[in-house]
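So the structure is just underneath, and the comments pick up after that.
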Amino acid sequence: MDYKIKIPFLTLFLFLLFSSIFPLTFSAANKPLNTDKLHRRGSSTVFRVQGNVYPLGYYTVSLKIGNPPKPYDLDIDSGSDLTWVQCDAPCKGCTKPNHQLYKPSNNLVQCVDQLCAGVHLTSDHHCDTPDDQCDYEVEYADHGSSLGVLVRDYFPLQFTNGSVIHPKIAFGCGYDQKYSGHTSPPSTTGVLGLGNGKTSILSQLHSLGHIRNVVGHCLSGRGGGFLFFGDDLIPSSGVVWTPMLPSSSEKHYILGPAEVLFNGKPTTVKGLELIFDSGSSYTYFNSKAYRTILDLVTNDIKGKQLTRATEDPSLPICWKGSKSFKSVSDVKSYFKPLALRFKKVKNLQMLIPPEGYLIVTKYGNVCLGILDGTEVGLGNLNIIGDISLQDKMVIYDNERQQIGWISSNCDRIPDIDRDFEGDAFQQPHAANLGIFDNRCPADSEL
């Protein structure tokens with residue numbers, strides 16, 4: 001008789017124990033949480049980043065999708081909001097073998113779903129029948145594009161406190177991709193959109209109550225880095241913040257007005273609105289600003305044993321020395337630092353050292369990683385790309401509508417308990433649309 005009493009008690013005890021340890025099941029992961037829980041430490045998730053500005057031309061993370069989960073390498077892009085993967089539907093313009101493509105299985109998002117309206121961003125979004133699938137088409141600034149259908153599947157994520165969730169998230173299943181430029185298509189499976197639109201993974205996780213609406217990245221100039229959702233990794237001091245402009249759309253993070261400083265001195269380049277875009281390998285300015293910056297740089301290096309290397313096809317403006325350069329460290333002493341000074345916050349600047357606007361190519365030359373955006377079809381847009389965001393933790397806080405940054409060691413993913421106790425961030429140091437074309441055409445995914 002005793003054991004018949006103990007078994008229910010033990011079962012109840014184990015249920016309560018495991019419920020406290022694993023509070024989120026597959027179904028519960030899609031129910032909004034009490035937002036007060038988001039104040040606790042640990043409601044962030046961190047991803048290791050692979051890639052570089054040159055020669056690869058993009059930074060990627062590996063995300064697992066489905067049940068059982070399958071990894072997909074995605075180009076990280078703060079210049080767009082929709083995440084999509086190459087789709088076995090069948091697929092046109094896909095670069096991966098069939099077994100690496102995502103295969104939908106009765107999980108299409110319907111046209112009447114609110115997220116479908118977010119994909120179309122127009123008031124005339126219309127569904128012929130409630131059961132229609134949700135089609136999408138996204139075109140990037142370099143004229144690359146993805147056409148497909150919205151699906152919903154599990155995204156297993158581990159938080160920094162060790163807990164694991166399995167929310168169902170909507171994303172694009174792209175069955176028709178087009179790539180621009182003359183280089184080979186990228187080796188990635190798709191794009192991870194980090195914008196603040198309703199369809200972004202970040203916004204969906206936030207609406208479900210899992211994380212703060214904050215995303216950040218730290219891209220190492222030596223390659224690699226890390227990406228995070230949530231606010232646990234934000235240092236408690238040392239970050240400088242500036243408000244996003246009201247003109248920031250759901251796809252773009254825009255700051256300004258800003259002026260360009262050369263070697264700490266003002267220039268005639270003023271009043272710029274700047275898009276921070278991790279999907280762009282290089283930095284672009286409108287033609288007038290670009291020509292001014294190019295003149296300042298070229299005039300300053302006269303007499304420094306550098307001559308134009310017009311035979312180097314890597315970027316439009318390159319120089320060669322008396323011998324081949326192996327890294328930017330070999331040549332940075334010839335160049336002066338740039339800086340962006342933001343008018344809305346007194347004395348706020350973003351330093352762009354020579355490492356933030358130069359590359360050394362496989363030919364041993366040094367090239368200017370600042371390009372003429374107007375010339376490649378960007379109009380008057382000004383884009384701060386990966387090359388100028390390297391070795392900084394850059395934080396997009398969509399709740400407070402601000403962007404912050406701090407010079408950081410991006411080679412190591414921080415340990416929250418070790419690095420964020422107290423008031424100091426212990427790792428700071430002084431210091432494309434890459435997926436479609438890692439050369440100089442308009443490679444920003446806007």
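Going through the structure tokens in order, the chains are called A, B, and so on, while each chain numbers its residues from 1 and the ligands are numbered from 1 in the order shown.
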
Practice item. Tell me, as a PyMOL selection string, which residues lie within 8 Å of Gly148 (chain A), counting only C-alpha atoms; anything in the same chain fewer than 3 positions away does not count. Key: chain A and resi 135-137+172-176

Could I get the residues of region 109-172 of chain A with an atom no further than 10 Å from an atom of region 371-383 of chain A, each paired with its nearest atom pair and that distance in Å to one decimal, using only C-alpha atoms, sorted by chain and residue number, as JSON lines?
```
{"residue": "A:Ala141", "atom": "CA", "partner": "A:Leu378", "partner_atom": "CA", "distance": 7.0}
{"residue": "A:Asp142", "atom": "CA", "partner": "A:Gly377", "partner_atom": "CA", "distance": 7.9}
{"residue": "A:His143", "atom": "CA", "partner": "A:Gly377", "partner_atom": "CA", "distance": 9.6}
```

Any chance you could export the current selection's N, CA and C atoms as a PDB file, in the first residue's frame?
```pdb
ATOM      1  N   ALA A 141      19.749  46.334 -52.782  1.00  0.00           N
ATOM      2  CA  ALA A 141      20.253  47.499 -53.496  1.00  0.00           C
ATOM      3  C   ALA A 141      21.157  47.139 -54.659  1.00  0.00           C
ATOM      4  N   ASP A 142      21.770  45.972 -54.609  1.00  0.00           N
ATOM      5  CA  ASP A 142      22.643  45.573 -55.717  1.00  0.00           C
ATOM      6  C   ASP A 142      21.856  44.859 -56.808  1.00  0.00           C
ATOM      7  N   HIS A 143      20.505  44.853 -56.668  1.00  0.00           N
ATOM      8  CA  HIS A 143      19.574  44.252 -57.627  1.00  0.00           C
ATOM      9  C   HIS A 143      19.537  42.719 -57.537  1.00  0.00           C
TER      10      HIS A 143
END
```

Practice item. For region 312-318 of chain A, work out the shell of residues within 8 Å, counting only C-alpha atoms and skipping chain neighbours fewer than 4 positions away, then give it as JSON, numbers by chain. Key: {"A": [308, 361, 363, 365, 366, 367, 368, 369, 371, 439, 440]}

File dump, residues just selected, C-alpha atoms, as a short mmCIF file (atom, residue, chain, number, x, y, z; two decimals), in the first residue's frame:
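See again.cif below for the written result:
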```cif
data_model
loop_
_atom_site.label_atom_id
_atom_site.label_comp_id
_atom_site.auth_asym_id
_atom_site.auth_seq_id
_atom_site.Cartn_x
_atom_site.Cartn_y
_atom_site.Cartn_z
CA ARG A 308 48.26 54.14 -57.71
CA THR A 361 44.47 42.66 -51.21
CA TYR A 363 48.10 41.35 -54.73
CA ASN A 365 48.28 46.47 -52.44
CA VAL A 366 46.26 48.67 -50.10
CA CYS A 367 42.78 49.73 -51.27
CA LEU A 368 40.24 52.28 -50.10
CA GLY A 369 37.17 50.54 -48.62
CA LEU A 371 33.13 53.72 -52.23
CA ARG A 439 33.63 43.37 -54.68
CA CYS A 440 32.71 47.00 -55.25
#
```

**Study point:** Atomic distance CA of Gly51 (chain A) - CA of Arg341 (chain A), expressed in Å with one decimal
**Key:** 28.8 Å

Check your understanding: What residues in region 25-203 of chain A get the DSSP label strand (DSSP E or B)? Please answer as a PyMOL selection string.
Key -> chain A and resi 45-52+58-65+70-77+84-87+92+102+108+110+133+135-139+145-154+157-158+164-165+168-178+190-193

Point to revise | Option closest in space to Gly193 (chain A), from A:Val119, A:Val260, A:Leu157, A:Leu74 [counting only C-alpha atoms] | key: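 Closest residue, counting only C-alpha atoms: A:Leu74.
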
Check your understanding: Between CA of Glu273 (chain A) and CA of Thr292 (chain A), what is the distance, to one decimal in Å?
Key -> 16.5 Å

**Study point:** Sel. of helix (DSSP H, G or I) residues, region 144-258 of chain A, as a list in words
**Key:**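 Everything in region 144-258 of chain A that counts as helix (DSSP H, G or I) is Ile201, Leu202, Ser203, Gln204, Leu205, His206 and Ser207 of chain A.
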
Can those selected residues be exported to a file as a PDB file, in the first residue's frame so that it contains C-alpha atoms?
```pdb
ATOM      1  CA  ILE A 201      13.163  37.019 -36.101  1.00  0.00           C
ATOM      2  CA  LEU A 202      14.082  39.597 -33.465  1.00  0.00           C
ATOM      3  CA  SER A 203      10.629  41.227 -33.561  1.00  0.00           C
ATOM      4  CA  GLN A 204       8.869  37.859 -33.452  1.00  0.00           C
ATOM      5  CA  LEU A 205      10.891  36.684 -30.459  1.00  0.00           C
ATOM      6  CA  HIS A 206      10.126  39.971 -28.725  1.00  0.00           C
ATOM      7  CA  SER A 207       6.400  39.760 -29.454  1.00  0.00           C
TER       8      SER A 207
END
```

With only C-alpha atoms as the counted atoms, please give the residues lying no more than 10 Å from Lys178 (chain A), apart from itself and same-chain residues fewer than 2 positions off, as a PDB file with C-alpha atoms, in the first residue's frame.
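The resulting file, selection-v2.pdb, is shown below:
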```
ATOM      1  CA  LYS A  92      15.805  28.227 -59.072  1.00  0.00           C
ATOM      2  CA  GLY A  93      19.083  30.031 -58.525  1.00  0.00           C
ATOM      3  CA  CYS A  94      19.913  28.066 -55.375  1.00  0.00           C
ATOM      4  CA  GLU A 139      15.046  43.030 -53.741  1.00  0.00           C
ATOM      5  CA  HIS A 143      19.574  44.252 -57.627  1.00  0.00           C
ATOM      6  CA  GLY A 144      19.914  40.755 -56.214  1.00  0.00           C
ATOM      7  CA  SER A 145      16.606  39.326 -55.061  1.00  0.00           C
ATOM      8  CA  SER A 146      14.758  36.416 -53.466  1.00  0.00           C
ATOM      9  CA  LEU A 147      11.259  35.239 -54.324  1.00  0.00           C
ATOM     10  CA  ASP A 176      13.912  31.824 -56.911  1.00  0.00           C
ATOM     11  CA  SER A 180      24.181  40.400 -59.332  1.00  0.00           C
ATOM     12  CA  PRO A 185      27.249  33.394 -55.800  1.00  0.00           C
ATOM     13  CA  PHE A 436      25.690  38.941 -53.573  1.00  0.00           C
TER      14      PHE A 436
END
```

Practice item. Considering only C-alpha atoms, return as a PyMOL selection string whatever protein or nucleic-acid residues lie within 10 Å of Met244 (chain A), sequence-local ones (same chain, fewer than 6 positions apart) excluded. Key: chain A and resi 252-256+274-275+396-398+400-404

Review point. For Ile165 (chain A), which residue among A:Asp277, A:Lys326, A:Ser44, A:Thr199 is the nearest when counting only C-alpha atoms?
Key: A:Ser44
